[in-house]
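One file, data_8.pdb, is given below (PDB, C-alpha atoms).
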MODEL        1
ATOM      1  CA  MET A 154       0.000   0.000   0.000  1.00  0.00           C
ATOM      2  CA  LYS A 155       2.747   2.393   0.899  1.00  0.00           C
ATOM      3  CA  LEU A 156       4.985   3.493  -1.917  1.00  0.00           C
ATOM      4  CA  THR A 157       6.533   6.803  -1.031  1.00  0.00           C
ATOM      5  CA  GLY A 158       4.872   7.874   2.183  1.00  0.00           C
ATOM      6  CA  LEU A 159       3.394  10.834   0.344  1.00  0.00           C
ATOM      7  CA  LEU A 160      -0.126   9.837   1.308  1.00  0.00           C
ATOM      8  CA  ASP A 161       0.836   9.759   4.992  1.00  0.00           C
ATOM      9  CA  TYR A 162       2.062  13.338   4.813  1.00  0.00           C
ATOM     10  CA  ALA A 163      -1.052  14.397   2.926  1.00  0.00           C
ATOM     11  CA  LEU A 164      -3.311  12.706   5.482  1.00  0.00           C
ATOM     12  CA  ALA A 165      -1.419  14.335   8.352  1.00  0.00           C
ATOM     13  CA  PHE A 166      -1.868  17.728   6.679  1.00  0.00           C
ATOM     14  CA  GLY A 167      -5.536  16.965   6.146  1.00  0.00           C
ATOM     15  CA  PHE A 168      -6.127  16.012   9.783  1.00  0.00           C
ATOM     16  CA  ALA A 169      -4.283  19.123  10.999  1.00  0.00           C
ATOM     17  CA  ALA A 170      -6.153  21.432   8.614  1.00  0.00           C
ATOM     18  CA  PHE A 171      -9.564  20.060   9.523  1.00  0.00           C
ATOM     19  CA  ALA A 172      -8.749  20.205  13.239  1.00  0.00           C
ATOM     20  CA  LEU A 173      -7.734  23.856  12.847  1.00  0.00           C
ATOM     21  CA  ALA A 174     -10.914  24.514  10.868  1.00  0.00           C
ATOM     22  CA  LEU A 175     -12.957  22.947  13.682  1.00  0.00           C
ATOM     23  CA  LEU A 176     -11.164  25.233  16.135  1.00  0.00           C
ATOM     24  CA  PHE A 177     -12.098  28.283  14.034  1.00  0.00           C
ATOM     25  CA  ASN A 178     -15.700  27.105  13.942  1.00  0.00           C
ATOM     26  CA  LEU A 179     -15.662  26.639  17.697  1.00  0.00           C
ATOM     27  CA  LEU A 180     -14.400  30.205  18.134  1.00  0.00           C
ATOM     28  CA  ARG A 181     -17.225  31.482  15.951  1.00  0.00           C
ATOM     29  CA  LEU A 182     -19.667  29.319  17.915  1.00  0.00           C
ATOM     30  CA  LEU A 183     -18.501  30.876  21.173  1.00  0.00           C
ATOM     31  CA  ARG A 184     -18.243  34.428  19.854  1.00  0.00           C
ATOM     32  CA  GLY A 185     -21.120  34.680  17.390  1.00  0.00           C
ATOM     33  CA  PRO A 186     -23.262  37.715  18.087  1.00  0.00           C
ATOM     34  CA  THR A 187     -26.528  36.302  16.790  1.00  0.00           C
ATOM     35  CA  ALA A 188     -28.097  32.871  17.057  1.00  0.00           C
ATOM     36  CA  MET A 189     -27.817  32.350  13.313  1.00  0.00           C
ATOM     37  CA  ASP A 190     -24.032  32.659  13.552  1.00  0.00           C
ATOM     38  CA  ARG A 191     -24.029  29.792  16.002  1.00  0.00           C
ATOM     39  CA  VAL A 192     -26.282  27.697  13.781  1.00  0.00           C
ATOM     40  CA  LEU A 193     -23.957  28.350  10.834  1.00  0.00           C
ATOM     41  CA  ALA A 194     -20.928  27.405  12.955  1.00  0.00           C
ATOM     42  CA  VAL A 195     -22.534  24.111  13.997  1.00  0.00           C
ATOM     43  CA  ASP A 196     -23.465  23.378  10.374  1.00  0.00           C
ATOM     44  CA  THR A 197     -19.868  23.946   9.274  1.00  0.00           C
ATOM     45  CA  MET A 198     -18.605  21.792  12.138  1.00  0.00           C
ATOM     46  CA  VAL A 199     -20.803  18.930  10.968  1.00  0.00           C
ATOM     47  CA  ILE A 200     -19.394  19.218   7.443  1.00  0.00           C
ATOM     48  CA  ASN A 201     -15.825  19.237   8.775  1.00  0.00           C
ATOM     49  CA  VAL A 202     -16.536  16.188  10.929  1.00  0.00           C
ATOM     50  CA  ILE A 203     -17.758  14.359   7.808  1.00  0.00           C
ATOM     51  CA  ALA A 204     -14.423  15.106   6.146  1.00  0.00           C
ATOM     52  CA  LEU A 205     -12.536  13.890   9.247  1.00  0.00           C
ATOM     53  CA  ILE A 206     -14.488  10.611   9.193  1.00  0.00           C
ATOM     54  CA  VAL A 207     -13.637  10.129   5.507  1.00  0.00           C
ATOM     55  CA  LEU A 208      -9.959  10.845   6.167  1.00  0.00           C
ATOM     56  CA  LEU A 209      -9.985   8.269   8.971  1.00  0.00           C
ATOM     57  CA  GLY A 210     -11.475   5.779   6.519  1.00  0.00           C
ATOM     58  CA  ILE A 211      -8.646   6.453   4.047  1.00  0.00           C
ATOM     59  CA  ARG A 212      -6.017   6.091   6.760  1.00  0.00           C
ATOM     60  CA  GLN A 213      -7.337   2.761   8.007  1.00  0.00           C
ATOM     61  CA  ALA A 214      -8.192   1.618   4.455  1.00  0.00           C
ATOM     62  CA  THR A 215     -11.673   0.554   5.487  1.00  0.00           C
ATOM     63  CA  GLN A 216     -15.073   1.375   4.092  1.00  0.00           C
ATOM     64  CA  ALA A 217     -16.842   0.908   7.414  1.00  0.00           C
ATOM     65  CA  TYR A 218     -17.229   4.619   8.130  1.00  0.00           C
ATOM     66  CA  PHE A 219     -19.264   5.793   5.176  1.00  0.00           C
ATOM     67  CA  GLU A 220     -22.591   5.083   6.780  1.00  0.00           C
ATOM     68  CA  ALA A 221     -21.509   7.250   9.707  1.00  0.00           C
ATOM     69  CA  ALA A 222     -20.527  10.045   7.312  1.00  0.00           C
ATOM     70  CA  LEU A 223     -23.845   9.795   5.483  1.00  0.00           C
ATOM     71  CA  LEU A 224     -25.787   9.861   8.756  1.00  0.00           C
ATOM     72  CA  PHE A 225     -23.827  12.929   9.862  1.00  0.00           C
ATOM     73  CA  ALA A 226     -24.672  14.668   6.586  1.00  0.00           C
ATOM     74  CA  MET A 227     -28.380  13.898   6.839  1.00  0.00           C
ATOM     75  CA  PHE A 228     -28.781  14.781  10.505  1.00  0.00           C
ATOM     76  CA  GLY A 229     -26.725  17.950  10.096  1.00  0.00           C
ATOM     77  CA  PHE A 230     -29.002  19.168   7.330  1.00  0.00           C
ATOM     78  CA  VAL A 231     -32.140  18.285   9.273  1.00  0.00           C
ATOM     79  CA  ALA A 232     -30.795  20.037  12.376  1.00  0.00           C
ATOM     80  CA  THR A 233     -29.910  23.218  10.466  1.00  0.00           C
ATOM     81  CA  VAL A 234     -33.276  23.395   8.735  1.00  0.00           C
ATOM     82  CA  SER A 235     -35.092  22.736  12.019  1.00  0.00           C
ATOM     83  CA  PHE A 236     -33.165  25.497  13.778  1.00  0.00           C
ATOM     84  CA  CYS A 237     -33.917  27.952  10.978  1.00  0.00           C
ATOM     85  CA  ARG A 238     -37.562  27.003  10.903  1.00  0.00           C
ATOM     86  CA  PHE A 239     -37.769  27.456  14.649  1.00  0.00           C
ATOM     87  CA  MET A 240     -36.163  30.896  14.309  1.00  0.00           C
ATOM     88  CA  LEU A 241     -38.560  31.811  11.508  1.00  0.00           C
ATOM     89  CA  ARG A 242     -41.856  30.560  12.872  1.00  0.00           C
ATOM     90  CA  GLY A 243     -41.318  30.027  16.556  1.00  0.00           C
ATOM     91  CA  ARG A 244     -42.497  26.458  16.289  1.00  0.00           C
ATOM     92  CA  LEU A 245     -41.245  23.320  14.614  1.00  0.00           C
ATOM     93  CA  VAL A 246     -44.348  21.361  13.688  1.00  0.00           C
ATOM     94  CA  ASP A 247     -47.613  22.816  12.649  1.00  0.00           C
TER      95      ASP A 247
ATOM     96  CA  MET B 289      -1.990   1.024  -5.743  1.00  0.00           C
ATOM     97  CA  ASN B 290       0.419   2.708  -8.046  1.00  0.00           C
ATOM     98  CA  LEU B 291       2.297   5.945  -7.708  1.00  0.00           C
ATOM     99  CA  PHE B 292      -0.049   7.930  -9.915  1.00  0.00           C
ATOM    100  CA  ALA B 293      -3.065   7.070  -7.756  1.00  0.00           C
ATOM    101  CA  GLU B 294      -1.182   7.943  -4.592  1.00  0.00           C
ATOM    102  CA  ILE B 295      -0.198  11.341  -5.966  1.00  0.00           C
ATOM    103  CA  LEU B 296      -3.783  11.933  -7.106  1.00  0.00           C
ATOM    104  CA  VAL B 297      -5.269  11.001  -3.704  1.00  0.00           C
ATOM    105  CA  SER B 298      -2.713  13.166  -1.888  1.00  0.00           C
ATOM    106  CA  GLY B 299      -3.483  16.090  -4.166  1.00  0.00           C
ATOM    107  CA  PHE B 300      -7.221  15.765  -3.594  1.00  0.00           C
ATOM    108  CA  VAL B 301      -6.795  15.513   0.180  1.00  0.00           C
ATOM    109  CA  VAL B 302      -4.452  18.512   0.401  1.00  0.00           C
ATOM    110  CA  LEU B 303      -6.657  20.602  -1.888  1.00  0.00           C
ATOM    111  CA  GLY B 304      -9.801  19.745   0.060  1.00  0.00           C
ATOM    112  CA  ALA B 305      -8.205  20.429   3.425  1.00  0.00           C
ATOM    113  CA  THR B 306      -6.961  23.813   2.182  1.00  0.00           C
ATOM    114  CA  PHE B 307     -10.415  24.739   0.910  1.00  0.00           C
ATOM    115  CA  ALA B 308     -12.054  23.761   4.197  1.00  0.00           C
ATOM    116  CA  LEU B 309      -9.455  25.718   6.156  1.00  0.00           C
ATOM    117  CA  VAL B 310     -10.098  28.795   4.015  1.00  0.00           C
ATOM    118  CA  GLY B 311     -13.829  28.383   4.541  1.00  0.00           C
ATOM    119  CA  SER B 312     -13.550  28.245   8.303  1.00  0.00           C
ATOM    120  CA  TRP B 313     -11.093  31.144   8.320  1.00  0.00           C
ATOM    121  CA  GLY B 314     -13.636  33.161   6.381  1.00  0.00           C
ATOM    122  CA  LEU B 315     -16.322  32.131   8.856  1.00  0.00           C
ATOM    123  CA  LEU B 316     -14.140  33.526  11.614  1.00  0.00           C
ATOM    124  CA  ARG B 317     -12.971  36.715   9.943  1.00  0.00           C
ATOM    125  CA  LEU B 318     -15.737  38.111   7.762  1.00  0.00           C
ATOM    126  CA  PRO B 319     -17.641  41.074   9.236  1.00  0.00           C
ATOM    127  CA  HIS B 320     -21.300  40.067   9.405  1.00  0.00           C
ATOM    128  CA  LEU B 321     -23.464  37.049   8.776  1.00  0.00           C
ATOM    129  CA  MET B 322     -24.600  37.870   5.257  1.00  0.00           C
ATOM    130  CA  ALA B 323     -20.924  37.929   4.248  1.00  0.00           C
ATOM    131  CA  ARG B 324     -19.989  35.111   6.596  1.00  0.00           C
ATOM    132  CA  LEU B 325     -22.525  32.824   4.961  1.00  0.00           C
ATOM    133  CA  HIS B 326     -20.473  32.655   1.768  1.00  0.00           C
ATOM    134  CA  ALA B 327     -17.354  31.063   3.207  1.00  0.00           C
ATOM    135  CA  PRO B 328     -18.629  27.780   4.697  1.00  0.00           C
ATOM    136  CA  THR B 329     -21.356  27.130   2.183  1.00  0.00           C
ATOM    137  CA  LYS B 330     -19.041  27.339  -0.800  1.00  0.00           C
ATOM    138  CA  ALA B 331     -15.435  26.761   0.203  1.00  0.00           C
ATOM    139  CA  THR B 332     -16.069  24.121   2.860  1.00  0.00           C
ATOM    140  CA  THR B 333     -18.526  22.206   0.701  1.00  0.00           C
ATOM    141  CA  LEU B 334     -16.054  22.195  -2.175  1.00  0.00           C
ATOM    142  CA  GLY B 335     -13.279  21.033   0.182  1.00  0.00           C
ATOM    143  CA  VAL B 336     -15.335  18.139   1.509  1.00  0.00           C
ATOM    144  CA  GLY B 337     -16.247  17.224  -2.059  1.00  0.00           C
ATOM    145  CA  SER B 338     -12.566  17.129  -2.970  1.00  0.00           C
ATOM    146  CA  VAL B 339     -11.704  14.922   0.013  1.00  0.00           C
ATOM    147  CA  LEU B 340     -14.517  12.535  -0.878  1.00  0.00           C
ATOM    148  CA  LEU B 341     -13.273  12.422  -4.478  1.00  0.00           C
ATOM    149  CA  GLY B 342      -9.824  11.519  -3.157  1.00  0.00           C
ATOM    150  CA  SER B 343     -11.367   8.761  -1.062  1.00  0.00           C
ATOM    151  CA  MET B 344     -13.143   7.457  -4.144  1.00  0.00           C
ATOM    152  CA  VAL B 345      -9.882   7.320  -6.104  1.00  0.00           C
ATOM    153  CA  PHE B 346      -8.177   5.641  -3.129  1.00  0.00           C
ATOM    154  CA  PHE B 347     -10.659   2.776  -2.839  1.00  0.00           C
ATOM    155  CA  LEU B 348     -10.737   2.417  -6.615  1.00  0.00           C
ATOM    156  CA  ALA B 349      -6.956   2.079  -6.719  1.00  0.00           C
ATOM    157  CA  ALA B 350      -6.849  -0.221  -3.692  1.00  0.00           C
ATOM    158  CA  GLY B 351      -8.820  -2.783  -5.657  1.00  0.00           C
ATOM    159  CA  ASP B 352     -12.147  -2.536  -3.844  1.00  0.00           C
ATOM    160  CA  GLY B 353     -14.018  -1.541  -6.951  1.00  0.00           C
ATOM    161  CA  LEU B 354     -15.817   1.696  -7.618  1.00  0.00           C
ATOM    162  CA  SER B 355     -17.554   2.719  -4.399  1.00  0.00           C
ATOM    163  CA  MET B 356     -20.679   4.784  -4.647  1.00  0.00           C
ATOM    164  CA  HIS B 357     -20.942   5.862  -0.991  1.00  0.00           C
ATOM    165  CA  GLU B 358     -18.755   8.888  -1.582  1.00  0.00           C
ATOM    166  CA  LEU B 359     -20.749   9.947  -4.598  1.00  0.00           C
ATOM    167  CA  LEU B 360     -23.909   9.693  -2.508  1.00  0.00           C
ATOM    168  CA  ILE B 361     -22.447  11.877   0.257  1.00  0.00           C
ATOM    169  CA  VAL B 362     -21.118  14.412  -2.261  1.00  0.00           C
ATOM    170  CA  LEU B 363     -24.473  14.621  -3.997  1.00  0.00           C
ATOM    171  CA  PHE B 364     -26.296  15.036  -0.698  1.00  0.00           C
ATOM    172  CA  LEU B 365     -23.927  17.747   0.545  1.00  0.00           C
ATOM    173  CA  PHE B 366     -23.992  19.670  -2.735  1.00  0.00           C
ATOM    174  CA  LEU B 367     -27.768  19.549  -2.791  1.00  0.00           C
ATOM    175  CA  THR B 368     -28.319  20.559   0.831  1.00  0.00           C
ATOM    176  CA  ALA B 369     -25.702  23.299   1.211  1.00  0.00           C
ATOM    177  CA  PRO B 370     -27.626  25.952  -0.827  1.00  0.00           C
ATOM    178  CA  VAL B 371     -30.885  25.019   0.881  1.00  0.00           C
ATOM    179  CA  SER B 372     -29.503  25.430   4.382  1.00  0.00           C
ATOM    180  CA  ALA B 373     -27.721  28.654   3.381  1.00  0.00           C
ATOM    181  CA  SER B 374     -30.961  30.048   2.015  1.00  0.00           C
ATOM    182  CA  PHE B 375     -32.799  29.096   5.200  1.00  0.00           C
ATOM    183  CA  LEU B 376     -30.097  30.710   7.340  1.00  0.00           C
ATOM    184  CA  ALA B 377     -30.191  33.945   5.348  1.00  0.00           C
ATOM    185  CA  LYS B 378     -33.967  34.032   5.455  1.00  0.00           C
ATOM    186  CA  ALA B 379     -34.107  33.493   9.216  1.00  0.00           C
ATOM    187  CA  TYR B 380     -31.399  36.104   9.757  1.00  0.00           C
ATOM    188  CA  LEU B 381     -33.200  38.670   7.622  1.00  0.00           C
ATOM    189  CA  ARG B 382     -36.453  38.010   9.419  1.00  0.00           C
ATOM    190  CA  ARG B 383     -34.965  38.447  12.854  1.00  0.00           C
ATOM    191  CA  HIS B 384     -32.501  41.252  12.113  1.00  0.00           C
ATOM    192  CA  PRO B 385     -33.988  43.448   9.409  1.00  0.00           C
ATOM    193  CA  ASP B 386     -31.362  46.149   9.801  1.00  0.00           C
ATOM    194  CA  GLU B 387     -30.852  47.631   6.393  1.00  0.00           C
ATOM    195  CA  ALA B 388     -27.374  48.948   7.104  1.00  0.00           C
ATOM    196  CA  VAL B 389     -25.490  45.824   6.096  1.00  0.00           C
ATOM    197  CA  LEU B 390     -27.699  44.996   3.144  1.00  0.00           C
ATOM    198  CA  PRO B 391     -27.345  46.371  -0.357  1.00  0.00           C
ATOM    199  CA  ARG B 392     -30.201  48.486  -1.613  1.00  0.00           C
ATOM    200  CA  PRO B 393     -32.926  46.332  -3.147  1.00  0.00           C
ATOM    201  CA  GLY B 394     -34.575  46.999  -6.468  1.00  0.00           C
ATOM    202  CA  ALA B 395     -38.014  48.389  -7.070  1.00  0.00           C
ATOM    203  CA  GLY B 396     -39.935  45.556  -5.455  1.00  0.00           C
ATOM    204  CA  GLY B 397     -37.976  45.440  -2.223  1.00  0.00           C
ATOM    205  CA  TRP B 398     -36.546  42.310  -0.705  1.00  0.00           C
ATOM    206  CA  MET B 399     -38.200  39.201  -2.005  1.00  0.00           C
ATOM    207  CA  THR B 400     -37.660  37.495   1.344  1.00  0.00           C
ATOM    208  CA  PHE B 401     -40.187  39.748   3.004  1.00  0.00           C
ATOM    209  CA  VAL B 402     -42.859  39.296   0.363  1.00  0.00           C
ATOM    210  CA  ASP B 403     -44.435  36.298   2.017  1.00  0.00           C
ATOM    211  CA  GLU B 404     -45.294  38.470   4.989  1.00  0.00           C
ATOM    212  CA  VAL B 405     -48.346  39.318   2.910  1.00  0.00           C
ATOM    213  CA  GLY B 406     -49.373  35.842   2.019  1.00  0.00           C
ATOM    214  CA  ASP B 407     -47.406  32.656   1.623  1.00  0.00           C
ATOM    215  CA  PRO B 408     -49.165  30.315  -0.827  1.00  0.00           C
ATOM    216  CA  ASN B 409     -47.498  27.336   0.832  1.00  0.00           C
ATOM    217  CA  GLU B 410     -48.697  28.315   4.252  1.00  0.00           C
ATOM    218  CA  ARG B 411     -51.980  26.704   5.033  1.00  0.00           C
ATOM    219  CA  PRO B 412     -54.525  29.061   6.559  1.00  0.00           C
ATOM    220  CA  ALA B 413     -55.364  28.459  10.145  1.00  0.00           C
ATOM    221  CA  PRO B 414     -58.514  26.438  10.525  1.00  0.00           C
ATOM    222  CA  PRO B 415     -61.362  28.577  11.691  1.00  0.00           C
ATOM    223  CA  SER B 416     -62.194  28.044  15.285  1.00  0.00           C
ATOM    224  CA  PRO B 417     -65.689  26.726  15.866  1.00  0.00           C
ATOM    225  CA  ARG B 418     -66.588  29.583  18.167  1.00  0.00           C
ATOM    226  CA  GLU B 419     -66.158  32.256  15.535  1.00  0.00           C
ATOM    227  CA  PRO B 420     -68.759  32.639  12.831  1.00  0.00           C
ATOM    228  CA  SER B 421     -67.384  31.658   9.464  1.00  0.00           C
ATOM    229  CA  GLY B 422     -66.697  34.400   6.956  1.00  0.00           C
ATOM    230  CA  SER B 423     -64.897  36.742   9.329  1.00  0.00           C
ATOM    231  CA  SER B 424     -61.566  34.963   9.114  1.00  0.00           C
ATOM    232  CA  GLN B 425     -58.725  37.405   9.399  1.00  0.00           C
ATOM    233  CA  ASP B 426     -55.137  36.937  10.486  1.00  0.00           C
TER     234      ASP B 426
ENDMDL
END

Write the structure described by the file as structure tokens, please.
Amino acid sequence: MKLTGLLDYALAFGFAAFALALLFNLLRLLRGPTAMDRVLAVDTMVINVIALIVLLGIRQATQAYFEAALLFAMFGFVATVSFCRFMLRGRLVD
Amino acid sequence: MNLFAEILVSGFVVLGATFALVGSWGLLRLPHLMARLHAPTKATTLGVGSVLLGSMVFFLAAGDGLSMHELLIVLFLFLTAPVSASFLAKAYLRRHPDEAVLPRPGAGGWMTFVDEVGDPNERPAPPSPREPSGSSQD
């Protein structure tokens, strides 16, 4: 599997970059002046976590994590839309 | 897994991680939410798409056949990112209608506020049995 070790360096860079991106999102989540900033930060965190799961799957050379990534994508979208609908209407189900 | 596939996967992973980092940096640094909305919904989505493409090339080159999970996730993310961004902008405009950060609208005003008058998708409230019918107003 390993030829030059280039993929290991790339994966290390990927993990570091996504961890730093999660840190930025966490700062925006803590700082955000309005509630919509916090919702946007959580939405971006979900997307970054999907990428981290996929990178972990590449590193371990297993396809066992894709269902987790797909579930994260679906629940992240549903959570964002529910938050926005709650902010718009004041209720979730009518 | 040959050298070409390894270089391709590494390139996709590095490109995607850079895009996602730029997106989160923009989320942290841009001045207000209507500008901040652009960074994660475009750059981060593109970065995750690139990483998933790299994963697809990796499992194709590792001999596991063409896997469709990544394509499913990419399709789902690319379809839902504009929808959630539109919802976020709409909720923000409804709750903070300060016109200072917005550009001047055209003749008709902001289309987001039009459904204050009447949303065709919104079902009317059922008339309560105590009120006489015909005097329904909201």

Practice item. Have a look at B:Arg317, B:Met322, B:Ala379, B:Lys330 and name the one nearest to chain A; count all atoms listed in the file. Key: B:Ala379

Review point. Which neighbours of B:Val297 fall inside 10 Å, counting only C-alpha atoms, when residues of the same chain fewer than 5 positions from it are skipped, and could you give them as a PyMOL selection string?
Key: (chain A and resi 159-160+163-164+211) or (chain B and resi 291-292+302-303+338-347+349)

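Pairwise distance (atom CA of A:Thr197, atom CA of B:Ile295) equals 27.9 Å.
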
Please determine the residues with any atom at most 12 Å from (-2.3, 15.7, 10.4) (coordinates as given in the file, with all atoms listed in the file counting) and report them as a compact mmCIF listing (two decimals) with C-alpha atoms, in the coordinates of the input.
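Ended up saving to selection_36.txt:
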# COMPACT_ATOMS: atom_id res chain seq x y z
CA LEU A 160 -0.13 9.84 1.31
CA ASP A 161 0.84 9.76 4.99
CA TYR A 162 2.06 13.34 4.81
CA ALA A 163 -1.05 14.40 2.93
CA LEU A 164 -3.31 12.71 5.48
CA ALA A 165 -1.42 14.34 8.35
CA PHE A 166 -1.87 17.73 6.68
CA GLY A 167 -5.54 16.96 6.15
CA PHE A 168 -6.13 16.01 9.78
CA ALA A 169 -4.28 19.12 11.00
CA ALA A 170 -6.15 21.43 8.61
CA PHE A 171 -9.56 20.06 9.52
CA ALA A 172 -8.75 20.20 13.24
CA LEU A 173 -7.73 23.86 12.85
CA LEU A 205 -12.54 13.89 9.25
CA LEU A 208 -9.96 10.84 6.17
CA LEU A 209 -9.98 8.27 8.97
CA ARG A 212 -6.02 6.09 6.76
CA VAL B 301 -6.80 15.51 0.18
CA VAL B 302 -4.45 18.51 0.40
CA ALA B 305 -8.20 20.43 3.42

Point to revise | chain B residues near chain A (7 Å cut-off, all atoms listed in the file) as a PyMOL selection string | key: chain B and resi 289+291+294+298+301-302+305-306+308-309+312-313+316+321+328+336+339-340+343+357+361+365+368+372+375-376+379-380+382

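You will find atom CA of A:Gln213 at 23.3 Å from atom CA of B:Phe307.
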
Check your understanding: In Å to one decimal, how far is atom CA of B:Thr332 from atom CA of A:Gly243?
Key -> 29.3 Å

Check your understanding: Could you name the residues that touch B:Thr329 at 6 Å or less, counting only C-alpha atoms, but leaving out those on the same chain fewer than 3 positions away, as a list in words?
Key -> His326, Thr333 and Ala369 of chain B

Keeping C-alpha atoms for every residue in the selection just given, could you write it to a file as an mmCIF file, in the coordinates of the input?
data_model
loop_
_atom_site.group_PDB
_atom_site.id
_atom_site.type_symbol
_atom_site.label_atom_id
_atom_site.label_comp_id
_atom_site.auth_asym_id
_atom_site.auth_seq_id
_atom_site.Cartn_x
_atom_site.Cartn_y
_atom_site.Cartn_z
ATOM 1 C CA HIS B 326 -20.473 32.655 1.768
ATOM 2 C CA THR B 333 -18.526 22.206 0.701
ATOM 3 C CA ALA B 369 -25.702 23.299 1.211
#
